[in-house]
file coords_27.pdb (PDB, C-alpha atoms, pLDDT in the B column)
MODEL        1
ATOM      1  CA  MET V   1      22.940 -36.380  -8.768  1.00 41.00           C
ATOM      2  CA  SER V   2      22.089 -32.862  -7.608  1.00 45.00           C
ATOM      3  CA  GLY V   3      18.360 -33.005  -8.294  1.00 54.00           C
ATOM      4  CA  ASN V   4      17.258 -33.971  -4.766  1.00 86.00           C
ATOM      5  CA  LEU V   5      17.325 -30.565  -3.093  1.00 93.00           C
ATOM      6  CA  SER V   6      15.974 -27.293  -4.415  1.00 95.00           C
ATOM      7  CA  PHE V   7      15.302 -23.841  -3.014  1.00 97.00           C
ATOM      8  CA  THR V   8      12.073 -21.889  -3.435  1.00 97.00           C
ATOM      9  CA  LEU V   9      11.035 -18.478  -2.170  1.00 97.00           C
ATOM     10  CA  LYS V  10       7.393 -17.615  -1.609  1.00 96.00           C
ATOM     11  CA  THR V  11       5.348 -14.872  -0.009  1.00 96.00           C
ATOM     12  CA  ILE V  12       2.978 -15.601   2.867  1.00 95.00           C
ATOM     13  CA  PRO V  13       0.674 -13.178   4.690  1.00 96.00           C
ATOM     14  CA  SER V  14       1.694 -12.403   8.243  1.00 94.00           C
ATOM     15  CA  MET V  15       1.610  -9.722  10.918  1.00 92.00           C
ATOM     16  CA  LEU V  16       4.492  -7.605  12.180  1.00 87.00           C
ATOM     17  CA  ARG V  17       4.619  -6.050  15.643  1.00 83.00           C
ATOM     18  CA  VAL V  18       5.458  -2.351  15.366  1.00 81.00           C
ATOM     19  CA  THR V  19       5.850   0.621  17.694  1.00 78.00           C
ATOM     20  CA  GLY V  20       3.307   0.769  20.493  1.00 81.00           C
ATOM     21  CA  GLY V  21       2.615  -2.968  20.366  1.00 83.00           C
ATOM     22  CA  ARG V  22       0.393  -2.657  17.293  1.00 86.00           C
ATOM     23  CA  GLU V  23       0.461  -5.277  14.568  1.00 89.00           C
ATOM     24  CA  ILE V  24       0.241  -4.530  10.855  1.00 90.00           C
ATOM     25  CA  PRO V  25      -0.239  -6.837   7.849  1.00 93.00           C
ATOM     26  CA  PHE V  26       3.206  -7.794   6.592  1.00 92.00           C
ATOM     27  CA  ALA V  27       4.124 -10.083   3.684  1.00 94.00           C
ATOM     28  CA  ARG V  28       6.899 -12.480   4.665  1.00 93.00           C
ATOM     29  CA  ALA V  29       9.364 -14.150   2.330  1.00 95.00           C
ATOM     30  CA  ILE V  30       9.750 -17.811   3.227  1.00 97.00           C
ATOM     31  CA  LEU V  31      12.836 -19.593   1.894  1.00 97.00           C
ATOM     32  CA  SER V  32      12.393 -23.369   1.585  1.00 96.00           C
ATOM     33  CA  LEU V  33      14.924 -26.103   0.878  1.00 96.00           C
ATOM     34  CA  HIS V  34      12.883 -29.087  -0.319  1.00 96.00           C
ATOM     35  CA  ASN V  35      14.024 -32.708  -0.684  1.00 95.00           C
ATOM     36  CA  ALA V  36      12.218 -34.102  -3.737  1.00 94.00           C
ATOM     37  CA  GLY V  37      14.386 -37.220  -3.842  1.00 90.00           C
ATOM     38  CA  GLY V  38      13.373 -40.729  -2.842  1.00 89.00           C
ATOM     39  CA  SER V  39      15.610 -40.857   0.241  1.00 90.00           C
ATOM     40  CA  ALA V  40      16.798 -38.671   3.081  1.00 90.00           C
ATOM     41  CA  VAL V  41      19.811 -36.420   2.642  1.00 92.00           C
ATOM     42  CA  SER V  42      22.253 -35.629   5.438  1.00 91.00           C
ATOM     43  CA  GLY V  43      25.071 -33.254   6.180  1.00 92.00           C
ATOM     44  CA  VAL V  44      23.009 -30.388   4.747  1.00 94.00           C
ATOM     45  CA  VAL V  45      24.993 -27.143   4.752  1.00 93.00           C
ATOM     46  CA  PRO V  46      23.011 -24.200   3.369  1.00 95.00           C
ATOM     47  CA  HIS V  47      24.804 -21.126   2.046  1.00 96.00           C
ATOM     48  CA  ALA V  48      23.442 -17.678   1.238  1.00 95.00           C
ATOM     49  CA  THR V  49      24.541 -14.196   0.329  1.00 94.00           C
ATOM     50  CA  LEU V  50      22.596 -10.955   0.275  1.00 91.00           C
ATOM     51  CA  SER V  51      23.195  -7.389  -0.723  1.00 89.00           C
ATOM     52  CA  GLU V  52      21.145  -4.241  -0.412  1.00 81.00           C
ATOM     53  CA  GLU V  53      20.685  -2.247  -3.640  1.00 79.00           C
ATOM     54  CA  ARG V  54      23.613  -4.117  -5.229  1.00 70.00           C
ATOM     55  CA  GLY V  55      25.901  -2.901  -2.455  1.00 77.00           C
ATOM     56  CA  LEU V  56      28.364  -4.844  -0.352  1.00 82.00           C
ATOM     57  CA  VAL V  57      27.645  -8.593  -0.375  1.00 88.00           C
ATOM     58  CA  HIS V  58      27.038 -10.138   3.054  1.00 87.00           C
ATOM     59  CA  ASP V  59      27.463 -13.832   3.788  1.00 91.00           C
ATOM     60  CA  ALA V  60      24.257 -15.109   5.414  1.00 91.00           C
ATOM     61  CA  THR V  61      25.476 -18.701   5.813  1.00 93.00           C
ATOM     62  CA  GLU V  62      25.943 -18.555   9.600  1.00 92.00           C
ATOM     63  CA  ALA V  63      22.480 -17.043  10.075  1.00 90.00           C
ATOM     64  CA  LEU V  64      20.981 -19.883   7.984  1.00 90.00           C
ATOM     65  CA  LYS V  65      22.859 -22.523   9.988  1.00 90.00           C
ATOM     66  CA  ARG V  66      21.807 -21.034  13.359  1.00 89.00           C
ATOM     67  CA  ALA V  67      18.155 -21.286  12.316  1.00 87.00           C
ATOM     68  CA  MET V  68      18.374 -24.927  11.158  1.00 86.00           C
ATOM     69  CA  PRO V  69      16.583 -27.506  13.324  1.00 82.00           C
ATOM     70  CA  ALA V  70      18.601 -30.410  11.838  1.00 83.00           C
ATOM     71  CA  ASP V  71      21.279 -31.145   9.244  1.00 87.00           C
ATOM     72  CA  SER V  72      19.206 -33.776   7.448  1.00 91.00           C
ATOM     73  CA  ILE V  73      16.023 -33.624   5.397  1.00 94.00           C
ATOM     74  CA  PRO V  74      13.799 -36.697   4.968  1.00 93.00           C
ATOM     75  CA  SER V  75      12.352 -37.451   1.539  1.00 93.00           C
ATOM     76  CA  GLY V  76       9.430 -35.119   0.762  1.00 95.00           C
ATOM     77  CA  GLU V  77      10.258 -32.754   3.638  1.00 95.00           C
ATOM     78  CA  GLU V  78      11.788 -29.276   3.730  1.00 95.00           C
ATOM     79  CA  LEU V  79      13.623 -26.766   5.865  1.00 94.00           C
ATOM     80  CA  THR V  80      12.254 -23.213   5.958  1.00 94.00           C
ATOM     81  CA  TRP V  81      13.544 -19.786   6.974  1.00 95.00           C
ATOM     82  CA  ASP V  82      11.867 -16.394   7.356  1.00 92.00           C
ATOM     83  CA  LEU V  83      13.942 -14.149   5.093  1.00 91.00           C
ATOM     84  CA  TYR V  84      13.100 -10.898   6.910  1.00 88.00           C
ATOM     85  CA  ASP V  85      14.482 -12.358  10.161  1.00 87.00           C
ATOM     86  CA  LEU V  86      17.436 -13.845   8.290  1.00 88.00           C
ATOM     87  CA  ILE V  87      18.307 -10.479   6.709  1.00 85.00           C
ATOM     88  CA  LEU V  88      18.213  -8.770  10.105  1.00 83.00           C
ATOM     89  CA  ALA V  89      20.506 -11.475  11.547  1.00 83.00           C
ATOM     90  CA  ALA V  90      22.960 -11.442   8.624  1.00 82.00           C
ATOM     91  CA  HIS V  91      23.128  -7.796   7.506  1.00 73.00           C
ATOM     92  CA  PRO V  92      24.318  -5.378  10.232  1.00 67.00           C
ATOM     93  CA  GLY V  93      23.431  -2.312   8.159  1.00 68.00           C
ATOM     94  CA  VAL V  94      19.784  -3.280   7.689  1.00 71.00           C
ATOM     95  CA  ALA V  95      19.511  -4.473  11.300  1.00 63.00           C
ATOM     96  CA  SER V  96      20.825  -1.178  12.690  1.00 67.00           C
ATOM     97  CA  LYS V  97      18.473   0.873  10.485  1.00 72.00           C
ATOM     98  CA  VAL V  98      15.486  -1.198  11.605  1.00 73.00           C
ATOM     99  CA  HIS V  99      16.603  -0.937  15.241  1.00 65.00           C
ATOM    100  CA  LEU V 100      16.847   2.861  15.017  1.00 65.00           C
ATOM    101  CA  TRP V 101      13.869   3.698  12.787  1.00 71.00           C
ATOM    102  CA  GLY V 102      11.635   0.642  12.856  1.00 72.00           C
ATOM    103  CA  TYR V 103      10.380  -1.549  10.042  1.00 76.00           C
ATOM    104  CA  LYS V 104       9.942   1.427   7.668  1.00 78.00           C
ATOM    105  CA  ALA V 105      13.741   1.585   7.355  1.00 74.00           C
ATOM    106  CA  ALA V 106      13.648  -1.709   5.403  1.00 76.00           C
ATOM    107  CA  LEU V 107      11.027  -0.525   2.901  1.00 81.00           C
ATOM    108  CA  ASN V 108      11.670   0.243  -0.755  1.00 83.00           C
ATOM    109  CA  TRP V 109      15.174  -1.260  -0.809  1.00 85.00           C
ATOM    110  CA  TRP V 110      15.903  -4.012  -3.332  1.00 90.00           C
ATOM    111  CA  ILE V 111      17.633  -6.982  -1.712  1.00 90.00           C
ATOM    112  CA  ASP V 112      19.572  -9.422  -3.900  1.00 93.00           C
ATOM    113  CA  PHE V 113      19.522 -12.877  -2.307  1.00 94.00           C
ATOM    114  CA  SER V 114      21.305 -16.065  -3.425  1.00 96.00           C
ATOM    115  CA  ALA V 115      21.133 -19.532  -1.859  1.00 97.00           C
ATOM    116  CA  TRP V 116      22.693 -22.934  -2.468  1.00 97.00           C
ATOM    117  CA  ALA V 117      23.408 -26.004  -0.375  1.00 96.00           C
ATOM    118  CA  GLU V 118      25.796 -28.879  -0.028  1.00 94.00           C
ATOM    119  CA  TYR V 119      24.597 -32.260   1.210  1.00 94.00           C
ATOM    120  CA  ARG V 120      25.225 -35.996   1.145  1.00 90.00           C
ATOM    121  CA  GLU V 121      22.884 -38.443  -0.490  1.00 86.00           C
ATOM    122  CA  GLU V 122      22.116 -41.674   1.347  1.00 81.00           C
ATOM    123  CA  GLY V 123      24.890 -44.218   0.821  1.00 80.00           C
ATOM    124  CA  THR V 124      27.451 -41.800  -0.651  1.00 81.00           C
ATOM    125  CA  ALA V 125      30.510 -40.210   0.892  1.00 82.00           C
ATOM    126  CA  SER V 126      31.086 -37.303  -1.451  1.00 88.00           C
ATOM    127  CA  PRO V 127      29.073 -34.102  -1.067  1.00 91.00           C
ATOM    128  CA  VAL V 128      26.674 -32.848  -3.722  1.00 91.00           C
ATOM    129  CA  LYS V 129      26.011 -29.157  -4.383  1.00 94.00           C
ATOM    130  CA  THR V 130      22.716 -27.671  -5.539  1.00 94.00           C
ATOM    131  CA  GLY V 131      22.585 -25.019  -8.200  1.00 95.00           C
ATOM    132  CA  ILE V 132      22.566 -21.397  -7.070  1.00 97.00           C
ATOM    133  CA  SER V 133      19.089 -19.882  -6.752  1.00 97.00           C
ATOM    134  CA  ARG V 134      18.838 -16.090  -7.010  1.00 97.00           C
ATOM    135  CA  TRP V 135      16.070 -13.614  -6.248  1.00 97.00           C
ATOM    136  CA  LYS V 136      15.551  -9.896  -5.956  1.00 96.00           C
ATOM    137  CA  LEU V 137      13.005  -8.778  -3.348  1.00 94.00           C
ATOM    138  CA  CYS V 138      11.571  -5.555  -2.007  1.00 93.00           C
ATOM    139  CA  TRP V 139       9.146  -4.778   0.806  1.00 91.00           C
ATOM    140  CA  SER V 140       6.999  -1.731   0.071  1.00 92.00           C
ATOM    141  CA  PRO V 141       3.952  -0.015   1.553  1.00 91.00           C
ATOM    142  CA  ALA V 142       0.633  -1.040   0.026  1.00 89.00           C
ATOM    143  CA  GLU V 143      -0.782   2.354   0.980  1.00 83.00           C
ATOM    144  CA  PRO V 144       0.708   5.784   1.799  1.00 84.00           C
ATOM    145  CA  SER V 145       0.453   5.267   5.568  1.00 81.00           C
ATOM    146  CA  ALA V 146       2.724   2.166   5.372  1.00 79.00           C
ATOM    147  CA  GLU V 147       0.298   0.306   7.616  1.00 86.00           C
ATOM    148  CA  ARG V 148       0.225  -2.695   5.258  1.00 89.00           C
ATOM    149  CA  ILE V 149       3.426  -4.041   3.699  1.00 91.00           C
ATOM    150  CA  GLU V 150       3.618  -5.972   0.431  1.00 94.00           C
ATOM    151  CA  LEU V 151       6.530  -7.919  -0.998  1.00 94.00           C
ATOM    152  CA  SER V 152       7.799  -8.124  -4.574  1.00 94.00           C
ATOM    153  CA  ILE V 153       9.940 -11.131  -5.514  1.00 96.00           C
ATOM    154  CA  GLU V 154      11.698 -11.582  -8.854  1.00 95.00           C
ATOM    155  CA  ALA V 155      13.551 -14.771  -9.720  1.00 95.00           C
ATOM    156  CA  LEU V 156      16.871 -14.001 -11.411  1.00 93.00           C
TER     157      LEU V 156
ENDMDL
END
call {"tool": "encode", "arguments": {"input": "coords_27.pdb", "output": "structure tokens"}}
result
Amino acid sequence: MSGNLSFTLKTIPSMLRVTGGREIPFARAILSLHNAGGSAVSGVVPHATLSEERGLVHDATEALKRAMPADSIPSGEELTWDLYDLILAAHPGVASKVHLWGYKAALNWWIDFSAWAEYREEGTASPVKTGISRWKLCWSPAEPSAERIELSIEAL
């Protein structure tokens, strides 16, 4: 049964350190993999892909795995990832733009993001795969000065 694990993506308010040590309000996208089943799952292997403006697709699986605290999820618990950090770790093009020009280089670009996972249910040997969850997201300035960043998320 593949109903135990599911991905969600939500926006949370946060701060982002910018040039000069200042911090600005920044909406973060938090990816969660929740175990709604009645027992723990193990051998969790998350997978993800992302592309910028429908460009070249990048595999973000290794970046997801590096940020995982464990490969199991107890019943009712979840694993979470900060998608902004994940994109910087998985997409060399976005990371280099942000390194050169700062956070403003990541604004107003639509990012297509897909995630799925494989796992083992308690007492079974064969892996189960979740469905593929897809979103489109875009960070944009809330005001002309770009001193407050909002996030748009569309489920696909």
call {"tool": "resolve_selection", "arguments": {"input": "coords_27.pdb", "expression": "the PyMOL selection byres ((chain V and resi 6) around 6)", "output": "VMD selection string"}}
result
chain V and resid 5 7 33 to 34
call {"tool": "resolve_selection", "arguments": {"input": "coords_27.pdb", "expression": "the PyMOL selection byres ((chain V and resi 99-114) around 6)", "output": "list of chain:residue names"}}
result
V:Ala48, V:Thr49, V:Leu50, V:Ser51, V:Glu52, V:Glu53, V:Ser96, V:Lys97, V:Val98, V:Ala115, V:Ser133, V:Arg134, V:Trp135, V:Lys136, V:Leu137, V:Cys138, V:Trp139, V:Ser140
call {"tool": "atom_distance", "arguments": {"input": "coords_27.pdb", "atom1": "CA of Pro25 in chain V", "atom2": "CA of Leu86 in chain V"}}
result
19.0 Å
call {"tool": "atom_distance", "arguments": {"input": "coords_27.pdb", "atom1": "CA of Phe26 in chain V", "atom2": "CA of Leu151 in chain V"}}
result
8.3 Å
call {"tool": "residues_near_point", "arguments": {"input": "coords_27.pdb", "point": "(31.5, -36.5, 1.1)", "cutoff": "12 Å", "atoms": "all atoms listed in the file", "output": "PDB file with C-alpha atoms, in the coordinates of the input"}}
result
ATOM      1  CA  VAL V  41      19.811 -36.420   2.642  1.00 92.00           C
ATOM      2  CA  SER V  42      22.253 -35.629   5.438  1.00 91.00           C
ATOM      3  CA  GLY V  43      25.071 -33.254   6.180  1.00 92.00           C
ATOM      4  CA  VAL V  44      23.009 -30.388   4.747  1.00 94.00           C
ATOM      5  CA  VAL V  45      24.993 -27.143   4.752  1.00 93.00           C
ATOM      6  CA  GLU V 118      25.796 -28.879  -0.028  1.00 94.00           C
ATOM      7  CA  TYR V 119      24.597 -32.260   1.210  1.00 94.00           C
ATOM      8  CA  ARG V 120      25.225 -35.996   1.145  1.00 90.00           C
ATOM      9  CA  GLU V 121      22.884 -38.443  -0.490  1.00 86.00           C
ATOM     10  CA  GLU V 122      22.116 -41.674   1.347  1.00 81.00           C
ATOM     11  CA  GLY V 123      24.890 -44.218   0.821  1.00 80.00           C
ATOM     12  CA  THR V 124      27.451 -41.800  -0.651  1.00 81.00           C
ATOM     13  CA  ALA V 125      30.510 -40.210   0.892  1.00 82.00           C
ATOM     14  CA  SER V 126      31.086 -37.303  -1.451  1.00 88.00           C
ATOM     15  CA  PRO V 127      29.073 -34.102  -1.067  1.00 91.00           C
ATOM     16  CA  VAL V 128      26.674 -32.848  -3.722  1.00 91.00           C
ATOM     17  CA  LYS V 129      26.011 -29.157  -4.383  1.00 94.00           C
TER      18      LYS V 129
END
call {"tool": "atom_distance", "arguments": {"input": "coords_27.pdb", "atom1": "CA of His58 in chain V", "atom2": "CA of Lys10 in chain V"}}
result
21.5 Å
call {"tool": "resolve_selection", "arguments": {"input": "coords_27.pdb", "expression": "the PyMOL selection byres ((chain V and resi 75) around 7)", "output": "NGL selection string"}}
result
:V and (35-40 or 73-74 or 76-77)
call {"tool": "closest_residue", "arguments": {"input": "coords_27.pdb", "among": "V:Ser32, V:Asn4, V:Thr130, V:Ser152", "to": "Leu79 in chain V", "atoms": "all atoms listed in the file"}}
result
V:Ser32
call {"tool": "closest_residue", "arguments": {"input": "coords_27.pdb", "among": "V:Ile12, V:Val18, V:Val94, V:Ala142", "to": "Ile30 in chain V", "atoms": "all atoms listed in the file"}}
result
V:Ile12
call {"tool": "closest_residue", "arguments": {"input": "coords_27.pdb", "among": "V:Arg54, V:Arg148, V:His47, V:Arg66", "to": "Pro13 in chain V", "atoms": "all atoms listed in the file"}}
result
V:Arg148
call {"tool": "axis_aligned_box", "arguments": {"input": "coords_27.pdb", "around": "range 6-25 of chain V", "padding_each_side": "3 Å", "output": "JSON"}}
result
{"center_x": 7.9, "center_y": -13.3, "center_z": 8.0, "size_x": 22.2, "size_y": 34.1, "size_z": 30.9}
call {"tool": "closest_residue", "arguments": {"input": "coords_27.pdb", "among": "V:Ile24, V:Ala89, V:Ala155, V:Ala117", "to": "Asp71 in chain V", "atoms": "all atoms listed in the file"}}
result
V:Ala117
call {"tool": "build_atoms", "arguments": {"input": "coords_27.pdb", "residues": "range 66-77 of chain V", "atoms": "all heavy atoms", "output": "mmCIF file, keeping the file's coordinate frame"}}
result
data_model
loop_
_atom_site.group_PDB
_atom_site.id
_atom_site.type_symbol
_atom_site.label_atom_id
_atom_site.label_comp_id
_atom_site.auth_asym_id
_atom_site.auth_seq_id
_atom_site.Cartn_x
_atom_site.Cartn_y
_atom_site.Cartn_z
ATOM 1 N N ARG V 66 22.331 -21.207 11.992
ATOM 2 C CA ARG V 66 21.807 -21.034 13.359
ATOM 3 C C ARG V 66 20.308 -21.314 13.426
ATOM 4 O O ARG V 66 19.801 -21.718 14.465
ATOM 5 C CB ARG V 66 22.080 -19.619 13.862
ATOM 6 C CG ARG V 66 23.492 -19.374 14.302
ATOM 7 C CD ARG V 66 23.638 -18.063 15.062
ATOM 8 N NE ARG V 66 23.194 -16.895 14.327
ATOM 9 C CZ ARG V 66 23.963 -16.145 13.553
ATOM 10 N NH1 ARG V 66 25.236 -16.460 13.397
ATOM 11 N NH2 ARG V 66 23.476 -15.086 12.926
ATOM 12 N N ALA V 67 19.610 -21.097 12.332
ATOM 13 C CA ALA V 67 18.155 -21.286 12.316
ATOM 14 C C ALA V 67 17.737 -22.669 11.834
ATOM 15 O O ALA V 67 16.544 -22.917 11.657
ATOM 16 C CB ALA V 67 17.519 -20.207 11.435
ATOM 17 N N MET V 68 18.689 -23.573 11.636
ATOM 18 C CA MET V 68 18.374 -24.927 11.158
ATOM 19 C C MET V 68 18.049 -25.851 12.321
ATOM 20 O O MET V 68 18.839 -25.972 13.244
ATOM 21 C CB MET V 68 19.558 -25.532 10.402
ATOM 22 C CG MET V 68 19.647 -25.111 8.973
ATOM 23 S SD MET V 68 21.029 -25.898 8.110
ATOM 24 C CE MET V 68 20.643 -27.631 8.233
ATOM 25 N N PRO V 69 16.914 -26.554 12.256
ATOM 26 C CA PRO V 69 16.583 -27.506 13.324
ATOM 27 C C PRO V 69 17.378 -28.807 13.236
ATOM 28 O O PRO V 69 17.558 -29.497 14.216
ATOM 29 C CB PRO V 69 15.092 -27.767 13.122
ATOM 30 C CG PRO V 69 14.860 -27.503 11.671
ATOM 31 C CD PRO V 69 15.849 -26.434 11.279
ATOM 32 N N ALA V 70 17.865 -29.160 12.037
ATOM 33 C CA ALA V 70 18.601 -30.410 11.838
ATOM 34 C C ALA V 70 19.461 -30.275 10.591
ATOM 35 O O ALA V 70 19.244 -29.390 9.777
ATOM 36 C CB ALA V 70 17.632 -31.569 11.673
ATOM 37 N N ASP V 71 20.441 -31.196 10.441
ATOM 38 C CA ASP V 71 21.279 -31.145 9.244
ATOM 39 C C ASP V 71 20.896 -32.229 8.240
ATOM 40 O O ASP V 71 21.650 -32.552 7.339
ATOM 41 C CB ASP V 71 22.762 -31.230 9.597
ATOM 42 C CG ASP V 71 23.180 -32.620 10.054
ATOM 43 O OD1 ASP V 71 22.304 -33.438 10.384
ATOM 44 O OD2 ASP V 71 24.402 -32.877 10.074
ATOM 45 N N SER V 72 19.695 -32.792 8.409
ATOM 46 C CA SER V 72 19.206 -33.776 7.448
ATOM 47 C C SER V 72 17.770 -33.419 7.064
ATOM 48 O O SER V 72 17.063 -32.733 7.805
ATOM 49 C CB SER V 72 19.268 -35.189 8.034
ATOM 50 O OG SER V 72 18.415 -35.289 9.142
ATOM 51 N N ILE V 73 17.380 -33.873 5.875
ATOM 52 C CA ILE V 73 16.023 -33.624 5.397
ATOM 53 C C ILE V 73 15.473 -34.944 4.858
ATOM 54 O O ILE V 73 15.992 -35.483 3.877
ATOM 55 C CB ILE V 73 15.981 -32.564 4.280
ATOM 56 C CG1 ILE V 73 16.695 -31.277 4.699
ATOM 57 C CG2 ILE V 73 14.531 -32.276 3.885
ATOM 58 C CD1 ILE V 73 16.829 -30.259 3.576
ATOM 59 N N PRO V 74 14.418 -35.470 5.496
ATOM 60 C CA PRO V 74 13.799 -36.697 4.968
ATOM 61 C C PRO V 74 13.185 -36.464 3.589
ATOM 62 O O PRO V 74 12.871 -35.332 3.219
ATOM 63 C CB PRO V 74 12.708 -37.012 6.002
ATOM 64 C CG PRO V 74 13.094 -36.251 7.232
ATOM 65 C CD PRO V 74 13.815 -35.036 6.738
ATOM 66 N N SER V 75 12.989 -37.530 2.846
ATOM 67 C CA SER V 75 12.352 -37.451 1.539
ATOM 68 C C SER V 75 10.989 -36.772 1.662
ATOM 69 O O SER V 75 10.208 -37.080 2.560
ATOM 70 C CB SER V 75 12.180 -38.864 0.973
ATOM 71 O OG SER V 75 11.485 -38.808 -0.251
ATOM 72 N N GLY V 76 10.713 -35.819 0.770
ATOM 73 C CA GLY V 76 9.430 -35.119 0.762
ATOM 74 C C GLY V 76 9.303 -34.004 1.781
ATOM 75 O O GLY V 76 8.285 -33.323 1.821
ATOM 76 N N GLU V 77 10.309 -33.792 2.596
ATOM 77 C CA GLU V 77 10.258 -32.754 3.638
ATOM 78 C C GLU V 77 11.089 -31.544 3.213
ATOM 79 O O GLU V 77 11.770 -31.569 2.191
ATOM 80 C CB GLU V 77 10.783 -33.303 4.961
ATOM 81 C CG GLU V 77 9.978 -34.468 5.503
ATOM 82 C CD GLU V 77 8.596 -34.063 5.964
ATOM 83 O OE1 GLU V 77 8.452 -33.001 6.575
ATOM 84 O OE2 GLU V 77 7.650 -34.826 5.692
#
